[in-house]
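See below for my_file.txt, which holds compact mmCIF, C-alpha atoms.
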# COMPACT_ATOMS: atom_id res chain seq x y z
CA MET A 17 0.00 0.00 0.00
CA LYS A 18 1.43 3.37 -1.03
CA GLU A 19 1.83 5.83 1.84
CA ASN A 20 -0.64 8.66 2.30
CA LYS A 21 -3.42 6.99 0.37
CA THR A 22 -6.83 7.72 1.74
CA ILE A 23 -8.98 4.75 2.71
CA LYS A 24 -11.14 5.37 -0.37
CA GLU A 25 -8.03 5.07 -2.58
CA ILE A 26 -7.23 1.60 -1.22
CA PRO A 27 -8.70 -1.27 -3.29
CA GLU A 28 -12.10 -2.10 -1.85
CA ASP A 29 -11.14 -5.71 -1.00
CA ASN A 30 -8.34 -4.37 1.25
CA ARG A 31 -10.39 -1.83 3.17
CA PRO A 32 -10.99 -2.85 6.80
CA TYR A 33 -14.78 -2.31 6.75
CA GLU A 34 -15.25 -4.24 3.53
CA LYS A 35 -12.94 -7.05 4.70
CA CYS A 36 -14.96 -7.40 7.89
CA LEU A 37 -18.25 -7.50 6.00
CA ALA A 38 -16.94 -10.09 3.57
CA GLY A 39 -15.03 -12.42 5.89
CA GLY A 40 -15.77 -11.41 9.47
CA ALA A 41 -13.78 -9.47 12.04
CA GLN A 42 -11.40 -12.41 12.50
CA THR A 43 -9.92 -11.74 9.05
CA LEU A 44 -8.64 -8.31 10.07
CA THR A 45 -5.10 -7.65 11.24
CA ASP A 46 -4.49 -5.90 14.57
CA GLY A 47 -3.89 -2.65 12.73
CA GLU A 48 -7.06 -3.02 10.69
CA LEU A 49 -9.16 -3.71 13.80
CA LEU A 50 -7.79 -0.62 15.49
CA ALA A 51 -8.29 1.44 12.31
CA VAL A 52 -11.98 0.51 12.24
CA LEU A 53 -12.36 1.74 15.83
CA LEU A 54 -10.40 4.93 15.16
CA ARG A 55 -12.69 5.58 12.15
CA THR A 56 -10.63 8.46 10.74
CA GLY A 57 -6.99 9.31 10.24
CA THR A 58 -5.38 12.71 10.09
CA LYS A 59 -4.05 14.96 7.34
CA GLY A 60 -1.52 13.01 5.30
CA ARG A 61 -2.19 9.68 7.04
CA ASN A 62 -5.16 7.37 6.82
CA SER A 63 -6.60 5.46 9.77
CA LEU A 64 -4.55 2.34 8.97
CA GLU A 65 -1.29 4.25 9.11
CA LEU A 66 -2.37 6.00 12.29
CA ALA A 67 -3.34 2.66 13.87
CA GLN A 68 0.05 1.16 12.99
CA GLU A 69 1.93 4.04 14.61
CA ILE A 70 -0.11 3.59 17.79
CA LEU A 71 0.61 -0.16 17.87
CA GLU A 72 4.35 0.55 17.58
CA LEU A 73 4.37 2.97 20.53
CA SER A 74 5.12 0.32 23.12
CA LYS A 75 8.71 -0.93 22.92
CA ASP A 76 8.36 -3.65 25.55
CA LYS A 77 5.16 -5.30 24.29
CA GLU A 78 4.51 -4.53 20.68
CA GLY A 79 1.08 -4.81 19.14
CA LEU A 80 -2.23 -5.02 20.92
CA LEU A 81 -0.66 -6.02 24.26
CA GLY A 82 1.11 -2.68 24.33
CA LEU A 83 -2.18 -0.77 24.35
CA HIS A 84 -2.71 -1.78 27.98
CA GLN A 85 0.55 -0.10 28.95
CA LEU A 86 0.08 3.20 27.16
CA SER A 87 -1.03 6.28 29.08
CA LEU A 88 -3.39 8.91 27.72
CA ALA A 89 -0.41 11.27 27.41
CA GLN A 90 1.55 8.72 25.36
CA LEU A 91 -1.39 8.13 23.05
CA ARG A 92 -1.94 11.86 22.57
CA SER A 93 1.72 12.26 21.61
CA VAL A 94 0.82 10.65 18.27
CA LYS A 95 -0.15 13.25 15.71
CA GLY A 96 -3.83 12.80 14.95
CA VAL A 97 -4.73 11.27 18.32
CA GLY A 98 -6.64 13.79 20.38
CA LYS A 99 -8.46 13.44 23.66
CA VAL A 100 -11.42 11.55 22.18
CA LYS A 101 -9.35 8.96 20.29
CA ALA A 102 -7.03 8.46 23.28
CA VAL A 103 -9.99 7.78 25.57
CA GLN A 104 -11.49 5.41 23.00
CA ILE A 105 -8.26 3.40 22.85
CA LYS A 106 -7.98 3.18 26.65
CA CYS A 107 -11.60 2.02 26.82
CA ILE A 108 -10.90 -0.66 24.19
CA GLY A 109 -8.16 -2.05 26.43
CA GLU A 110 -10.37 -2.00 29.51
CA LEU A 111 -13.26 -3.59 27.62
CA SER A 112 -11.03 -6.46 26.46
CA LYS A 113 -9.94 -7.13 30.06
CA ARG A 114 -13.52 -7.13 31.32
CA ILE A 115 -14.70 -9.45 28.55
CA ALA A 116 -11.93 -11.90 29.43
CA SER A 117 -12.78 -11.73 33.15
CA ALA A 118 -16.51 -12.17 32.51
CA ALA A 119 -15.84 -15.25 30.38
CA ALA A 120 -13.52 -16.74 33.02
CA LYS A 121 -16.00 -16.07 35.83
CA ARG A 122 -18.39 -18.72 34.49
CA GLY A 123 -15.87 -21.45 35.27
CA LEU A 124 -14.66 -19.98 38.55
CA SER A 125 -14.16 -22.53 41.33
CA TYR A 126 -12.51 -21.53 44.59
CA ASN A 127 -11.16 -25.04 45.04
CA ARG A 128 -9.37 -24.92 41.68
CA PRO A 129 -6.54 -22.34 41.58
CA ALA A 130 -6.32 -22.48 37.78
CA THR A 131 -9.83 -21.03 37.46
CA ILE A 132 -8.97 -18.19 39.84
CA ALA A 133 -5.82 -17.46 37.84
CA ASP A 134 -7.88 -17.38 34.63
CA TYR A 135 -10.32 -14.96 36.23
CA TYR A 136 -7.62 -12.47 37.24
CA MET A 137 -5.14 -13.05 34.40
CA GLU A 138 -6.19 -10.30 31.98
CA ARG A 139 -6.90 -7.88 34.79
CA LEU A 140 -3.50 -8.23 36.45
CA ARG A 141 -0.88 -9.40 33.97
CA HIS A 142 -0.67 -6.04 32.20
CA GLU A 143 -0.15 -4.03 35.40
CA GLU A 144 3.20 -2.32 35.90
CA GLN A 145 2.86 -2.40 39.69
CA GLU A 146 2.01 -5.26 41.99
CA LEU A 147 -1.65 -5.32 43.02
CA LEU A 148 -2.77 -7.46 45.95
CA MET A 149 -6.36 -8.66 45.75
CA CYS A 150 -8.24 -10.32 48.59
CA MET A 151 -11.16 -12.64 47.84
CA MET A 152 -13.59 -13.04 50.74
CA LEU A 153 -15.44 -16.37 50.95
CA ASP A 154 -18.37 -17.70 52.98
CA THR A 155 -18.82 -21.13 54.58
CA LYS A 156 -19.68 -22.69 51.19
CA ASN A 157 -16.73 -21.06 49.43
CA HIS A 158 -18.99 -18.60 47.64
CA LEU A 159 -17.45 -15.23 46.85
CA LEU A 160 -18.76 -12.50 49.16
CA GLY A 161 -16.63 -9.81 47.57
CA GLU A 162 -13.12 -8.77 46.61
CA GLU A 163 -10.96 -5.83 47.55
CA MET A 164 -7.66 -4.46 46.29
CA VAL A 165 -5.86 -4.22 49.62
CA PHE A 166 -2.46 -3.06 48.44
CA LYS A 167 -0.71 -1.52 45.45
CA GLY A 168 3.04 -1.65 45.27
CA THR A 169 5.69 -4.17 46.29
CA VAL A 170 4.22 -6.96 48.39
CA ASN A 171 6.63 -7.35 51.27
CA GLY A 172 6.60 -7.50 55.03
CA SER A 173 7.35 -3.84 55.62
CA LEU A 174 4.74 -2.32 53.28
CA ALA A 175 1.80 -4.73 53.04
CA ASN A 176 0.05 -5.13 56.38
CA PRO A 177 -2.10 -8.17 57.22
CA ARG A 178 -4.27 -5.85 59.33
CA GLU A 179 -5.72 -4.22 56.20
CA ILE A 180 -6.53 -7.63 54.76
CA PHE A 181 -8.45 -8.81 57.80
CA LEU A 182 -10.27 -5.50 58.23
CA SER A 183 -11.67 -6.11 54.74
CA ALA A 184 -12.45 -9.73 55.61
CA PHE A 185 -14.31 -8.70 58.76
CA SER A 186 -16.34 -6.14 56.82
CA TYR A 187 -17.64 -8.94 54.57
CA HIS A 188 -18.11 -11.42 57.45
CA ALA A 189 -15.77 -13.75 55.58
CA VAL A 190 -14.84 -17.16 56.96
CA GLY A 191 -11.91 -17.65 54.59
CA ILE A 192 -9.75 -15.59 52.22
CA ILE A 193 -7.67 -16.12 49.10
CA LEU A 194 -4.94 -13.68 48.12
CA VAL A 195 -4.05 -12.96 44.50
CA HIS A 196 -1.25 -10.71 43.32
CA ASN A 197 0.72 -10.16 40.13
CA HIS A 198 4.37 -10.05 39.23
CA PRO A 199 4.90 -7.37 36.54
CA SER A 200 8.04 -9.24 35.42
CA GLY A 201 5.79 -12.02 34.14
CA ASP A 202 7.55 -14.63 36.30
CA PRO A 203 5.14 -15.92 39.00
CA ARG A 204 7.76 -17.67 41.14
CA PRO A 205 7.41 -16.42 44.73
CA SER A 206 10.15 -14.26 46.18
CA ARG A 207 11.40 -14.59 49.73
CA ALA A 208 9.32 -11.51 50.56
CA ASP A 209 6.22 -13.17 49.08
CA LEU A 210 6.75 -16.25 51.23
CA ASP A 211 7.41 -14.25 54.40
CA PHE A 212 4.33 -12.12 53.83
CA THR A 213 2.18 -15.19 53.14
CA GLU A 214 3.34 -16.75 56.40
CA ARG A 215 2.45 -13.60 58.34
CA VAL A 216 -1.05 -13.52 56.84
CA PHE A 217 -1.50 -17.26 57.45
CA ARG A 218 -0.56 -16.90 61.12
CA ALA A 219 -2.80 -13.86 61.55
CA GLY A 220 -5.66 -15.78 59.95
CA GLU A 221 -5.25 -18.60 62.45
CA ILE A 222 -5.44 -16.11 65.32
CA VAL A 223 -8.59 -14.32 64.11
CA GLY A 224 -10.31 -17.46 62.80
CA ILE A 225 -10.29 -16.49 59.10
CA PRO A 226 -7.92 -18.91 57.39
CA LEU A 227 -5.81 -18.02 54.38
CA LEU A 228 -6.85 -20.72 51.89
CA ASP A 229 -4.41 -19.89 49.09
CA HIS A 230 -2.09 -17.24 47.72
CA ILE A 231 -1.97 -17.17 43.92
CA ILE A 232 0.72 -15.27 42.04
CA ILE A 233 -0.10 -14.17 38.50
CA GLY A 234 2.57 -13.99 35.81
CA ASP A 235 2.27 -13.50 32.06
CA HIS A 236 -0.15 -16.28 31.01
CA THR A 237 1.09 -18.38 33.92
CA TYR A 238 0.55 -18.61 37.67
CA ILE A 239 1.71 -20.30 40.85
CA SER A 240 -0.59 -21.39 43.67
CA LEU A 241 1.16 -21.65 47.03
CA LYS A 242 -1.48 -24.19 48.05
CA GLU A 243 -0.67 -26.38 45.04
CA GLN A 244 3.02 -25.99 45.82
CA GLY A 245 2.41 -27.35 49.33
CA ILE A 246 3.49 -24.09 50.98
CA LEU A 247 0.00 -23.53 52.44
How does the structure come out when it is put into structure tokens?
Amino acid sequence: MKENKTIKEIPEDNRPYEKCLAGGAQTLTDGELLAVLLRTGTKGRNSLELAQEILELSKDKEGLLGLHQLSLAQLRSVKGVGKVKAVQIKCIGELSKRIASAAAKRGLSYNRPATIADYYMERLRHEEQELLMCMMLDTKNHLLGEEMVFKGTVNGSLANPREIFLSAFSYHAVGIILVHNHPSGDPRPSRADLDFTERVFRAGEIVGIPLLDHIIIGDHTYISLKEQGIL
């Protein structure tokens, strides 16, 4: 495709809208999908060229995965991406995470760590900071609610078990499961993770709200401390 062609100058069979109508959305490339959502380009560049520049913004995770990492300011640094387009792109990323979580929720079982990891995977694996989630369960292992109890490095000096059990008490929970992510993508527990888990486990024994599992989310992988025999 010659640069600076308008969408109307591209052969009809190669236009994103027409390709989607003819063969379905699955036939579109990442750039073509994003171009459809952007709708318009800017002077001198069509929507396909604009979409490609946006996809190349992230150096660490190129393509669609990089959209999760980009800030509104980074998106608006691209010529032709104003406030409205930047917000649209951020909402696309959030929508994809919520769709993935909603699909995983149907198979969620609190006795099967893999299903919990699936439920949180898209929500947590793109985060650049560690987020510590607490799932509060009733006597039948039904989910009463969840809270993000910490944001930052999960270690003994910063993350306090007190905050976890205050949340658990507020839900009248009889058991809790902790879930947190490793931005590096490697879910193997650090010494700090293990020390913190032990502190929470001991506190849970004292207050009568046991820690049932601590699941660490990596990039499309996870580790359950219960499955590892640590809990």
Please give the centre and size of the box around segment 50-56 of chain A (axis-aligned, containing every atom listed in the file, 8 Å added per side), with values in Å to one decimal and written as lines of an AutoDock Vina configuration file.
center_x = -10.2
center_y = 3.9
center_z = 13.3
size_x = 20.9
size_y = 25.1
size_z = 21.1
What separates atom CA of Gly224 of chain A and atom CA of Val190 of chain A is a distance of 7.4 Å
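With distances restricted to all atoms listed in the file, A:Ala184 is the closest residue to Val223 of chain A from A:Asp202, A:Ile115, A:Ala184, A:Glu144.
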What's around Ala133 of chain A at 12 Å? Count all atoms listed in the file, leave out sequence neighbours fewer than 4 positions away in its own chain, and write the answer as a ChimeraX atom specification.
/A:116-117,120-121,123-129,137-141,149,193-197,203,229-240
Using Å and a single decimal, report how far atom CA of Ala102 of chain A sits from atom CA of Pro32 of chain A.
20.4 Å
